[in-house]
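A.B. asks: The following block contains the structure, expressed as structure tokens.
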Amino acid sequence: MKTVKVQQPTRLQDFALQPTSRYKLESILDLTLPFPDNGICGIVLYGLYGTGKTTLANLLPGLIDTAKSDPNAQNTKPSLIVDTTQPYFDVHACAQGQNGTQLTQLIQTRTQLVSFNNSGYHFVILDEVDNLTEAAQAGLKAIMNKPQVIFIMTTNNLDKIDNGIENRSVVIDMNMPPVGNWLPILRRVYTDAQLTPPSDAALEQVVAAGRGSARSIFTDVVMAANQAKKAGQTGVSNVANLRS
Ligand SMILES: Nc1ncnc2c1ncn2[C@@H]1O[C@H](COP(=O)(O)OP(=O)(O)O)[C@@H](O)[C@H]1O
Ligand SMILES: [Mg+2]
């Protein structure tokens with residue numbers, strides 16, 4: 001049996017997001033929000049486990065670089081922009097007890113030279129940035145004034161982020177998007193697998209049970225799709241909440 005797979009997201013439209021979060025990200029991509037500018041050079045994605053922060057963080061350099069440098073991008077709806085420029089970016093998975101001075105030094109060195117990305121920007125991803133000590137975050141804050149560097153950060157806990165870092169960033173809440181925003185994304189999993197999706201009510205129940213975790217929600221949705229395939233059915237009527 002060919003098992004059902006969730007397509008990895010490639011554009012903002014593939015994410016269930018709160019309207020305000022979507023608006024901020026779209027405004028960066030349609031260039032109406034001057035970014036980086038006015039001392040704002042970071043994006044902080046915050047939310048519970050499994051809400052898609054790391055996935056989105058890794059997509060953003062490509063989307064931003066494309067928005068800023070591909071002339072076609074500004075004729076495209078921001079939610080539909082895909083990465084056409086494949087910029088280079090550094091990903092730092094922040095660990096507890098990590099040497100903050102070394103990390104800051106590393107970022108300094110890596111962003112010192114002119115960027116070869118089409119947009120001319122360096123992209124630095126700091127995943128789970130709240131793992132850095134206060135001192136390390138202070139060091140990071142100090143280098144957030146470098147021109148031509150965009151910092152993309154994720155955290156489970158906004159309270160554990162240095163106020164100065166937060167103040168230099170566009171802050172995006174990844175928690176609990178409205179249930180309705182999930183429906184087209186989940187229906188697509190079934191239609192991609194040539195299955196008739198379950199009712200909206202059934203899908204809404206999965207989303208509610210998953211409490212906003214993409215990880216939990218997709219697992220339940222894919223399992224129901226696989227069960228239907230295995231049983232030779234053409235559609236899905238029920239989704240069990242295994243994960244949630
Ligand atoms: N919009 C999405 N479409 C498809 N899969 C997604 C989406 N968002 C997240 N995922 C998947 O959900 C899982 C959890 O996402 P992740 O980015 O690791 O969450 P977080 O960093 O918030 O804990 C990953 O397997 C990821 O591929
Ligand atoms: Mg993560």
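So you can find residues: chains in the structure tokens are A, B, ... in the order shown, residues in each start at 1, and ligands are numbered from 1 in order.
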Within 6 Å of ligand 1, counting only C-alpha atoms and all ligand atoms: which residues, as a VMD selection string?
C.D. replies: chain A and resid 8 to 9 14 to 15 49 to 55 214 to 215
A.B. asks: How would the residues just picked look written out with C-alpha atoms as a CSV table (one decimal), in the first residue's frame?
C.D. replies:
```csv
chain,number,residue,atom,x,y,z
A,8,GLN,CA,5.5,19.9,3.0
A,9,PRO,CA,4.5,23.5,3.0
A,14,ASP,CA,0.0,26.2,3.3
A,15,PHE,CA,0.0,27.3,7.0
A,49,TYR,CA,5.2,22.6,20.5
A,50,GLY,CA,4.3,21.4,17.0
A,51,THR,CA,2.7,24.6,15.7
A,52,GLY,CA,5.0,24.8,12.7
A,53,LYS,CA,7.5,27.4,14.0
A,54,THR,CA,10.7,25.6,12.8
A,55,THR,CA,9.1,24.7,9.5
A,214,ALA,CA,0.3,20.6,13.4
A,215,ARG,CA,2.2,17.5,14.4
```
A.B. asks: Check which residues of stretch 39-120 of chain A sit at most 6 Å from stretch 131-135 of chain A using only C-alpha atoms, and return one row each with the closest pair of atoms and their distance in Å to one decimal, ordered by chain and rising number, as a Markdown table.
C.D. replies:
```
| residue | atom | partner | partner_atom | distance |
| --- | --- | --- | --- | --- |
| A:Cys94 | CA | A:Asn131 | CA | 5.9 |
| A:Ala95 | CA | A:Asn131 | CA | 5.7 |
| A:Gln96 | CA | A:Asn131 | CA | 4.9 |
```
A.B. asks: What lies within 7 Å of stretch 120-128 of chain A using only C-alpha atoms, ignoring chain neighbours under 4 positions off, as a VMD selection string?
C.D. replies: chain A and resid 54 57 61 89 to 94 111 115 to 116 148 to 155
A.B. asks: Please indicate the distance in Å from atom CA of A:Lys68 to atom CA of A:Leu31, rounded to one decimal place.
C.D. replies: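 Here the two named atoms are 7.6 Å from each other.
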A.B. asks: Out of A:Asn163, A:Thr219, A:Thr104, A:Ser169, which residue has the shortest atom-to-atom distance to A:Leu140 when counting only C-alpha atoms?
C.D. replies: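 Checking each candidate against A:Leu140, we get A:Thr104 as the closest.
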